[in-house]
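Undergrad: Sharing a structure, written as structure tokens. Questions coming.
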Amino acid sequence: MGERLDPTDLEFYAEHFDFYNPRETALRERAVEELSAKCPITHSDAMGGFWLINQYDAVRQVSLDWESFSNSPRKYLTTVAPPSNRPAMPPLDIDPPKQRIYRQILNPYLTPKWISRFEAGIRAMVTELIDDFIEDGCCDLAEQFARPFPGRMLYRFLFGIDDGEVARVQRWTYQMTFERGNPDNVEVQTMWNNWCYELVNTRRESEHQEDIIDGLLHATIAGVPLTDEEIVGCLQILILGGFSTTTDSMLNTMLRLANDKALQSFLRSNPDQIATSLDEFFRIDSPVSGLPRMCTRDTVVNGQKVRAGERVFMFYHAANRDPEEFDKPNELILDRERNRHLAFGMGNHRCVGSNVARMNLRIAIEELLSRLGEFALTSGETAVYRPTGTWGPTRLPLTFTPSLRQSGSAVK
Ligand code: HEM
């Protein structure tokens with residue numbers, strides 16, 4: 001355990017918590033070690049006011065009680081609103097029972113068995129990305145690997161989009177994810193919307209393909225096919241849901257490994273342990289800091305009355321360090337016996353892409369460990385974080401042993 005929070009830091013968390021505030025970003029590493037015990041539930045006056053929930057059992061209660069805590073768009077806490085022309089995004093922004101129907105449509109295309117067909121292609125894509133810097137002996141893993149990865153993976157493999165087209169569309173998603181608040185984002189959202197509608201139209205006219213887009217095109221709810229707008233919303237949340245989350249989980253894991261040579265060496269020599277250790281990496285550095293809900297009827301959470309119309313924020317990063325739930329919560333224990341972490345959420349909205357996330361992270365870590373040899377943070381550099389709703393370093397400058405490229409051509 002590092003330095004502890006002082007009383008003014010605790011007061012900030014107890015009364016003014018705001019994940020867009022650079023002070024919170026600077027305190028985060030220390031705060032998550034203490035908040036579940038010192039502030040299990042507290043009220044913040046930031047972003048219009050909301051209840052901050054740091055304790056594991058209380059987050060669990062809110063996650064499971066969807067009748068009292070709605071996921072409708074009224075829940076949002078933000079100082080930077082998403083572009084006004086962004087379509088509704090089922091299943092994320094709706095409640096059961098309709099939300100469950102969307103999940104039934106998407107689930108078959110996101111099982112471990114179904115997505116295993118993408119494994120070889122993802123590994124080849126990872127090889128090409130690493131080839132672009134492997135001869136240099138140094139890289140910024142954020143810029144050169146972890147940020148380009150999710151767009152290429154999701155558009156290519158989930159949606160079957162050609163490589164040339166991917167470069168264009170992933171730039172839009174990239175800008176809207178990593179440059180929130182950019183005044184051009186409404187225009188970029190329009191271009192993205194138009195591109196998605198065109199994709200849906202083209203696919204309606206095309207031959208049947210066994211993929212998630214066809215699943216949406218042929219699905220019905222109460223006998224009525226989905227509208228183009230509903231399909232576009234689903235496609236966009238699949239991309240947005242898998243974007244900075246994938247980037248941050250890779251960077252968080254690689255940072256832990258860069259700072260711990262013994263851990264690095266253990267996983268390099270025992271690659272079969274990578275898959276089973278992923279959940280512990282997800283737990284300890286939850287890429288989604290937390291998520292909001294809107295209270296729809298007066299409810300008691302951890303002894304605190306939360307009234308209808310109030311919003312709550314489930315701070316997964318803090319709850320995943322709750323000592324009441326996790327033994328030695330601030331230690332990375334690869335073979336932790338009980339690990340019911342909240343990094344993918346819990347309940348009806350639990351991440352529909354978690355199998356994809358696991359496969360991506362496993363392949364990336366396997367290839368990076370094997371090809372970079374021993375790596376470390378570049379001398380004089382530190383990891384820098386940005387104030388936002390997800391958690392991961394913005395740059396990860398690494399130094400490693402240079403070696404030869406493996407594939408024939410570079411992918412830009
Ligand atoms: C490490 C990577 C990831 C993390 C940490 C993560 C985390 C989460 C969390 C916490 C939720 C719960 C939302 C809520 O309760 O309101 C969620 C939902 C969701 N995620 Fe992920 N996610 C990841 C990767 C992905 C990927 C790769 C995809 C797409 C293939 C994806 C698509 C979605 C979608 C569509 C939802 C909404 C599900 C619903 O509302 O029913 N996620 N994710």
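Residues are named by chain letter and number: chains run A, B, ... in the order of the structure tokens, numbers start at 1 in each chain, and ligands are numbered from 1 in the order shown.
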What are the closest atom pairs, with distances in Å to one decimal, for all residues of range 275-325 of chain A lying within 12 Å of range 16-37 of chain A? Consider only C-alpha atoms, order rows by chain and residue number, and present the result as JSON lines.

TA:
{"residue": "A:Arg283", "atom": "CA", "partner": "A:Val32", "partner_atom": "CA", "distance": 11.7}
{"residue": "A:Ile284", "atom": "CA", "partner": "A:Val32", "partner_atom": "CA", "distance": 9.6}
{"residue": "A:Asp285", "atom": "CA", "partner": "A:Glu29", "partner_atom": "CA", "distance": 9.1}
{"residue": "A:Ser286", "atom": "CA", "partner": "A:Val32", "partner_atom": "CA", "distance": 10.5}
{"residue": "A:Val288", "atom": "CA", "partner": "A:Phe19", "partner_atom": "CA", "distance": 11.3}
{"residue": "A:Ser289", "atom": "CA", "partner": "A:Phe19", "partner_atom": "CA", "distance": 8.4}
{"residue": "A:Gly290", "atom": "CA", "partner": "A:Phe19", "partner_atom": "CA", "distance": 9.4}
{"residue": "A:Leu291", "atom": "CA", "partner": "A:Phe19", "partner_atom": "CA", "distance": 10.9}
{"residue": "A:Pro292", "atom": "CA", "partner": "A:Phe19", "partner_atom": "CA", "distance": 12.0}
{"residue": "A:Asn302", "atom": "CA", "partner": "A:Ser36", "partner_atom": "CA", "distance": 11.5}
{"residue": "A:Val312", "atom": "CA", "partner": "A:Phe17", "partner_atom": "CA", "distance": 12.0}
{"residue": "A:Phe313", "atom": "CA", "partner": "A:Phe17", "partner_atom": "CA", "distance": 10.2}
{"residue": "A:Met314", "atom": "CA", "partner": "A:Ser36", "partner_atom": "CA", "distance": 11.3}
{"residue": "A:Phe315", "atom": "CA", "partner": "A:Val32", "partner_atom": "CA", "distance": 9.1}
{"residue": "A:Tyr316", "atom": "CA", "partner": "A:Val32", "partner_atom": "CA", "distance": 9.4}
{"residue": "A:His317", "atom": "CA", "partner": "A:Val32", "partner_atom": "CA", "distance": 6.4}
{"residue": "A:Ala318", "atom": "CA", "partner": "A:Val32", "partner_atom": "CA", "distance": 4.3}
{"residue": "A:Ala319", "atom": "CA", "partner": "A:Ser36", "partner_atom": "CA", "distance": 6.1}
{"residue": "A:Asn320", "atom": "CA", "partner": "A:Val32", "partner_atom": "CA", "distance": 8.3}
{"residue": "A:Arg321", "atom": "CA", "partner": "A:Glu33", "partner_atom": "CA", "distance": 6.1}
{"residue": "A:Asp322", "atom": "CA", "partner": "A:Ser36", "partner_atom": "CA", "distance": 5.5}
{"residue": "A:Pro323", "atom": "CA", "partner": "A:Ala37", "partner_atom": "CA", "distance": 8.0}
{"residue": "A:Glu324", "atom": "CA", "partner": "A:Ala37", "partner_atom": "CA", "distance": 8.7}
{"residue": "A:Glu325", "atom": "CA", "partner": "A:Ser36", "partner_atom": "CA", "distance": 10.3}

Undergrad: What are the nearest atom pairs, with distances in Å to one decimal, for all residues of chain A that come at most 6 Å from ligand 1, using only C-alpha atoms and all ligand atoms, set out by chain and rising residue number as CSV?

TA:
residue,atom,partner,partner_atom_place_in_ligand_line,distance
A:Pro91,CA,ligand 1,40 (O),4.4
A:Leu92,CA,ligand 1,40 (O),3.1
A:Ile237,CA,ligand 1,35 (C),5.1
A:Leu238,CA,ligand 1,29 (C),4.4
A:Ile239,CA,ligand 1,29 (C),5.9
A:Gly241,CA,ligand 1,32 (C),4.0
A:Gly242,CA,ligand 1,26 (C),3.3
A:Thr245,CA,ligand 1,2 (C),4.3
A:Thr246,CA,ligand 1,2 (C),4.4
A:Ser249,CA,ligand 1,1 (C),5.1
A:Pro287,CA,ligand 1,5 (C),5.0
A:Val288,CA,ligand 1,5 (C),5.3
A:Ala343,CA,ligand 1,5 (C),5.2
A:Phe344,CA,ligand 1,10 (C),3.8
A:Gly345,CA,ligand 1,10 (C),3.9
A:His349,CA,ligand 1,41 (O),3.6
A:Arg350,CA,ligand 1,12 (C),4.7
A:Cys351,CA,ligand 1,18 (C),3.5
A:Val352,CA,ligand 1,33 (C),5.0
A:Gly353,CA,ligand 1,28 (C),3.7
A:Ser354,CA,ligand 1,24 (C),5.4
A:Val356,CA,ligand 1,27 (C),5.0
A:Ala357,CA,ligand 1,27 (C),4.5

Undergrad: Next, the residues of the selection above should be written as a compact mmCIF listing (two decimals), in the first residue's frame with N, CA, C and O atoms.

TA:
# COMPACT_ATOMS: atom_id res chain seq x y z
N PRO A 91 -28.35 -2.39 -26.43
CA PRO A 91 -29.10 -2.61 -25.19
C PRO A 91 -28.65 -1.73 -24.02
O PRO A 91 -29.21 -1.84 -22.93
N LEU A 92 -27.65 -0.86 -24.22
CA LEU A 92 -27.08 -0.16 -23.07
C LEU A 92 -28.05 0.80 -22.41
O LEU A 92 -28.14 0.85 -21.19
N ILE A 237 -22.92 0.94 -30.40
CA ILE A 237 -22.55 0.65 -29.00
C ILE A 237 -21.58 -0.54 -28.95
O ILE A 237 -20.72 -0.61 -28.07
N LEU A 238 -21.69 -1.45 -29.93
CA LEU A 238 -20.71 -2.56 -29.96
C LEU A 238 -19.30 -1.98 -30.18
O LEU A 238 -18.33 -2.43 -29.58
N ILE A 239 -19.22 -0.98 -31.04
CA ILE A 239 -17.90 -0.37 -31.30
C ILE A 239 -17.47 0.48 -30.10
O ILE A 239 -16.36 0.31 -29.57
N GLY A 241 -18.49 0.44 -27.01
CA GLY A 241 -18.31 -0.38 -25.80
C GLY A 241 -16.96 -1.08 -25.80
O GLY A 241 -16.38 -1.33 -24.75
N GLY A 242 -16.46 -1.40 -26.99
CA GLY A 242 -15.21 -2.15 -27.05
C GLY A 242 -14.00 -1.30 -27.35
O GLY A 242 -12.91 -1.82 -27.58
N THR A 245 -12.15 0.76 -23.69
CA THR A 245 -12.05 -0.31 -22.69
C THR A 245 -10.94 -1.30 -23.07
O THR A 245 -10.14 -1.70 -22.24
N THR A 246 -10.92 -1.66 -24.36
CA THR A 246 -9.90 -2.61 -24.84
C THR A 246 -8.52 -1.96 -24.73
O THR A 246 -7.57 -2.57 -24.23
N SER A 249 -7.47 -1.69 -21.02
CA SER A 249 -7.13 -2.96 -20.35
C SER A 249 -5.76 -3.43 -20.81
O SER A 249 -4.99 -3.98 -20.02
N PRO A 287 -10.82 -1.08 -16.17
CA PRO A 287 -10.75 -0.08 -17.26
C PRO A 287 -11.96 0.86 -17.27
O PRO A 287 -11.82 2.03 -17.59
N VAL A 288 -13.15 0.35 -16.93
CA VAL A 288 -14.31 1.25 -16.78
C VAL A 288 -14.32 1.66 -15.31
O VAL A 288 -14.57 0.84 -14.44
N ALA A 343 -15.47 -5.53 -13.10
CA ALA A 343 -14.92 -4.77 -14.25
C ALA A 343 -15.84 -4.83 -15.47
O ALA A 343 -15.87 -3.91 -16.28
N PHE A 344 -16.61 -5.92 -15.61
CA PHE A 344 -17.55 -6.01 -16.73
C PHE A 344 -18.98 -5.68 -16.28
O PHE A 344 -19.94 -5.98 -16.99
N GLY A 345 -19.12 -5.09 -15.10
CA GLY A 345 -20.45 -4.81 -14.57
C GLY A 345 -21.05 -6.08 -13.99
O GLY A 345 -20.37 -7.10 -13.82
N HIS A 349 -27.03 -5.87 -17.57
CA HIS A 349 -26.20 -5.16 -18.55
C HIS A 349 -24.75 -5.63 -18.55
O HIS A 349 -23.91 -5.02 -19.21
N ARG A 350 -24.45 -6.70 -17.80
CA ARG A 350 -23.05 -7.16 -17.75
C ARG A 350 -22.51 -7.25 -19.17
O ARG A 350 -23.19 -7.69 -20.09
N CYS A 351 -21.27 -6.84 -19.35
CA CYS A 351 -20.69 -6.66 -20.68
C CYS A 351 -20.98 -7.82 -21.63
O CYS A 351 -20.60 -8.96 -21.37
N VAL A 352 -21.63 -7.50 -22.75
CA VAL A 352 -21.95 -8.53 -23.73
C VAL A 352 -20.69 -8.90 -24.53
O VAL A 352 -20.64 -9.97 -25.15
N GLY A 353 -19.67 -8.04 -24.49
CA GLY A 353 -18.44 -8.30 -25.27
C GLY A 353 -17.30 -8.85 -24.42
O GLY A 353 -16.15 -8.85 -24.86
N SER A 354 -17.61 -9.38 -23.22
CA SER A 354 -16.51 -9.79 -22.32
C SER A 354 -15.67 -10.92 -22.91
O SER A 354 -14.46 -10.97 -22.69
N VAL A 356 -15.02 -11.32 -26.07
CA VAL A 356 -14.16 -10.67 -27.07
C VAL A 356 -13.02 -9.96 -26.35
O VAL A 356 -11.85 -10.05 -26.75
N ALA A 357 -13.36 -9.27 -25.24
CA ALA A 357 -12.33 -8.55 -24.48
C ALA A 357 -11.26 -9.51 -23.99
O ALA A 357 -10.06 -9.24 -24.11

Undergrad: Pick from A:Arg371, A:His218, A:Arg86, A:Arg74: nearest to Val186 in chain A, with only C-alpha atoms counted?

TA: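 Looking only at the distances to Val186 in chain A, the closest residue turns out to be A:Arg86.
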
Undergrad: Go through range 85-139 of chain A and collect every residue that DSSP, computed from the backbone, puts in helix (DSSP H, G or I); the answer should be as JSON, numbers by chain.

TA: {"A": [98, 99, 100, 101, 102, 103, 104, 105, 106, 107, 108, 109, 110, 112, 113, 114, 115, 116, 117, 118, 119, 120, 121, 122, 123, 124, 125, 126, 127, 128, 129, 130, 131, 132, 133, 134]}

Undergrad: Closest to Asn270 in chain A among A:Ser370, A:Ser116, A:Ser63, A:Asn54, using only C-alpha atoms?

TA: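 Among A:Ser370, A:Ser116, A:Ser63, A:Asn54, it is A:Ser370 that comes nearest to Asn270 in chain A.
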
Undergrad: For Asn252 in chain A, find every residue with an atom within 12 Å (counting only C-alpha atoms), except residues of its own chain fewer than 2 positions away, and show them as number ranges by chain.

TA: A: 141-142, 146, 244-250, 254-259, 278, 280-288, 361, 365, 383-385, 390-396

Undergrad: Applying 12 Å and only C-alpha atoms, which residues near Lys98 in chain A remain after dropping the ones on its own chain fewer than 6 positions away? List them as JSON, numbers by chain.

TA: {"A": [90, 91, 92, 104, 105, 220, 221, 222, 348, 349]}

Undergrad: Grab the residues selected above and save them as a PDB file, in the first residue's frame with all heavy atoms.

TA:
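File produced: out07.pdb:
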ATOM      1  N   PRO A  90     -29.335   0.748 -27.896  1.00  0.00           N
ATOM      2  CA  PRO A  90     -29.714  -0.485 -27.223  1.00  0.00           C
ATOM      3  C   PRO A  90     -28.590  -1.527 -27.372  1.00  0.00           C
ATOM      4  O   PRO A  90     -27.899  -1.501 -28.377  1.00  0.00           O
ATOM      5  CB  PRO A  90     -30.964  -0.928 -28.000  1.00  0.00           C
ATOM      6  CG  PRO A  90     -30.837  -0.301 -29.360  1.00  0.00           C
ATOM      7  CD  PRO A  90     -30.028   0.950 -29.176  1.00  0.00           C
ATOM      8  N   PRO A  91     -28.352  -2.387 -26.431  1.00  0.00           N
ATOM      9  CA  PRO A  91     -29.102  -2.610 -25.191  1.00  0.00           C
ATOM     10  C   PRO A  91     -28.647  -1.733 -24.018  1.00  0.00           C
ATOM     11  O   PRO A  91     -29.208  -1.842 -22.932  1.00  0.00           O
ATOM     12  CB  PRO A  91     -28.804  -4.077 -24.879  1.00  0.00           C
ATOM     13  CG  PRO A  91     -27.427  -4.307 -25.433  1.00  0.00           C
ATOM     14  CD  PRO A  91     -27.312  -3.410 -26.644  1.00  0.00           C
ATOM     15  N   LEU A  92     -27.651  -0.861 -24.225  1.00  0.00           N
ATOM     16  CA  LEU A  92     -27.077  -0.163 -23.071  1.00  0.00           C
ATOM     17  C   LEU A  92     -28.054   0.801 -22.405  1.00  0.00           C
ATOM     18  O   LEU A  92     -28.140   0.854 -21.187  1.00  0.00           O
ATOM     19  CB  LEU A  92     -25.805   0.600 -23.476  1.00  0.00           C
ATOM     20  CG  LEU A  92     -25.116   1.295 -22.309  1.00  0.00           C
ATOM     21  CD1 LEU A  92     -24.488   0.271 -21.377  1.00  0.00           C
ATOM     22  CD2 LEU A  92     -24.069   2.282 -22.769  1.00  0.00           C
ATOM     23  N   GLN A 104     -30.511 -11.250 -26.350  1.00  0.00           N
ATOM     24  CA  GLN A 104     -30.693 -12.568 -26.974  1.00  0.00           C
ATOM     25  C   GLN A 104     -30.296 -12.528 -28.453  1.00  0.00           C
ATOM     26  O   GLN A 104     -29.848 -13.523 -29.015  1.00  0.00           O
ATOM     27  CB  GLN A 104     -32.146 -13.014 -26.848  1.00  0.00           C
ATOM     28  CG  GLN A 104     -32.475 -13.534 -25.452  1.00  0.00           C
ATOM     29  CD  GLN A 104     -33.964 -13.492 -25.148  1.00  0.00           C
ATOM     30  OE1 GLN A 104     -34.797 -13.271 -26.036  1.00  0.00           O
ATOM     31  NE2 GLN A 104     -34.301 -13.672 -23.888  1.00  0.00           N
ATOM     32  N   ILE A 105     -30.466 -11.364 -29.074  1.00  0.00           N
ATOM     33  CA  ILE A 105     -30.083 -11.246 -30.491  1.00  0.00           C
ATOM     34  C   ILE A 105     -28.548 -11.247 -30.617  1.00  0.00           C
ATOM     35  O   ILE A 105     -27.976 -11.893 -31.491  1.00  0.00           O
ATOM     36  CB  ILE A 105     -30.667  -9.939 -31.105  1.00  0.00           C
ATOM     37  CG1 ILE A 105     -32.195  -9.961 -31.041  1.00  0.00           C
ATOM     38  CG2 ILE A 105     -30.172  -9.733 -32.533  1.00  0.00           C
ATOM     39  CD1 ILE A 105     -32.863  -8.608 -31.355  1.00  0.00           C
ATOM     40  N   THR A 220     -36.432  -9.968 -34.915  1.00  0.00           N
ATOM     41  CA  THR A 220     -37.704  -9.266 -34.705  1.00  0.00           C
ATOM     42  C   THR A 220     -37.941  -9.118 -33.200  1.00  0.00           C
ATOM     43  O   THR A 220     -37.465  -9.934 -32.414  1.00  0.00           O
ATOM     44  CB  THR A 220     -38.900 -10.054 -35.305  1.00  0.00           C
ATOM     45  OG1 THR A 220     -38.879 -11.368 -34.756  1.00  0.00           O
ATOM     46  CG2 THR A 220     -38.853 -10.112 -36.819  1.00  0.00           C
ATOM     47  N   ILE A 221     -38.660  -8.052 -32.857  1.00  0.00           N
ATOM     48  CA  ILE A 221     -39.096  -7.894 -31.464  1.00  0.00           C
ATOM     49  C   ILE A 221     -40.614  -7.805 -31.501  1.00  0.00           C
ATOM     50  O   ILE A 221     -41.155  -6.933 -32.183  1.00  0.00           O
ATOM     51  CB  ILE A 221     -38.454  -6.632 -30.817  1.00  0.00           C
ATOM     52  CG1 ILE A 221     -36.928  -6.794 -30.775  1.00  0.00           C
ATOM     53  CG2 ILE A 221     -39.034  -6.389 -29.429  1.00  0.00           C
ATOM     54  CD1 ILE A 221     -36.168  -5.704 -30.058  1.00  0.00           C
ATOM     55  N   ALA A 222     -41.287  -8.741 -30.829  1.00  0.00           N
ATOM     56  CA  ALA A 222     -42.752  -8.876 -30.892  1.00  0.00           C
ATOM     57  C   ALA A 222     -43.215  -8.931 -32.351  1.00  0.00           C
ATOM     58  O   ALA A 222     -44.178  -8.271 -32.749  1.00  0.00           O
ATOM     59  CB  ALA A 222     -43.421  -7.729 -30.139  1.00  0.00           C
ATOM     60  N   ASN A 348     -28.163  -7.489 -15.544  1.00  0.00           N
ATOM     61  CA  ASN A 348     -28.655  -7.532 -16.928  1.00  0.00           C
ATOM     62  C   ASN A 348     -27.716  -6.938 -17.959  1.00  0.00           C
ATOM     63  O   ASN A 348     -27.645  -7.392 -19.087  1.00  0.00           O
ATOM     64  CB  ASN A 348     -29.973  -6.751 -17.028  1.00  0.00           C
ATOM     65  CG  ASN A 348     -31.076  -7.462 -16.313  1.00  0.00           C
ATOM     66  OD1 ASN A 348     -31.394  -8.593 -16.648  1.00  0.00           O
ATOM     67  ND2 ASN A 348     -31.636  -6.822 -15.300  1.00  0.00           N
ATOM     68  N   HIS A 349     -27.032  -5.868 -17.570  1.00  0.00           N
ATOM     69  CA  HIS A 349     -26.197  -5.159 -18.549  1.00  0.00           C
ATOM     70  C   HIS A 349     -24.747  -5.626 -18.552  1.00  0.00           C
ATOM     71  O   HIS A 349     -23.915  -5.023 -19.213  1.00  0.00           O
ATOM     72  CB  HIS A 349     -26.238  -3.648 -18.286  1.00  0.00           C
ATOM     73  CG  HIS A 349     -27.570  -3.048 -18.593  1.00  0.00           C
ATOM     74  ND1 HIS A 349     -27.921  -2.623 -19.863  1.00  0.00           N
ATOM     75  CD2 HIS A 349     -28.650  -2.828 -17.818  1.00  0.00           C
ATOM     76  CE1 HIS A 349     -29.144  -2.148 -19.843  1.00  0.00           C
ATOM     77  NE2 HIS A 349     -29.618  -2.268 -18.602  1.00  0.00           N
TER      78      HIS A 349
END
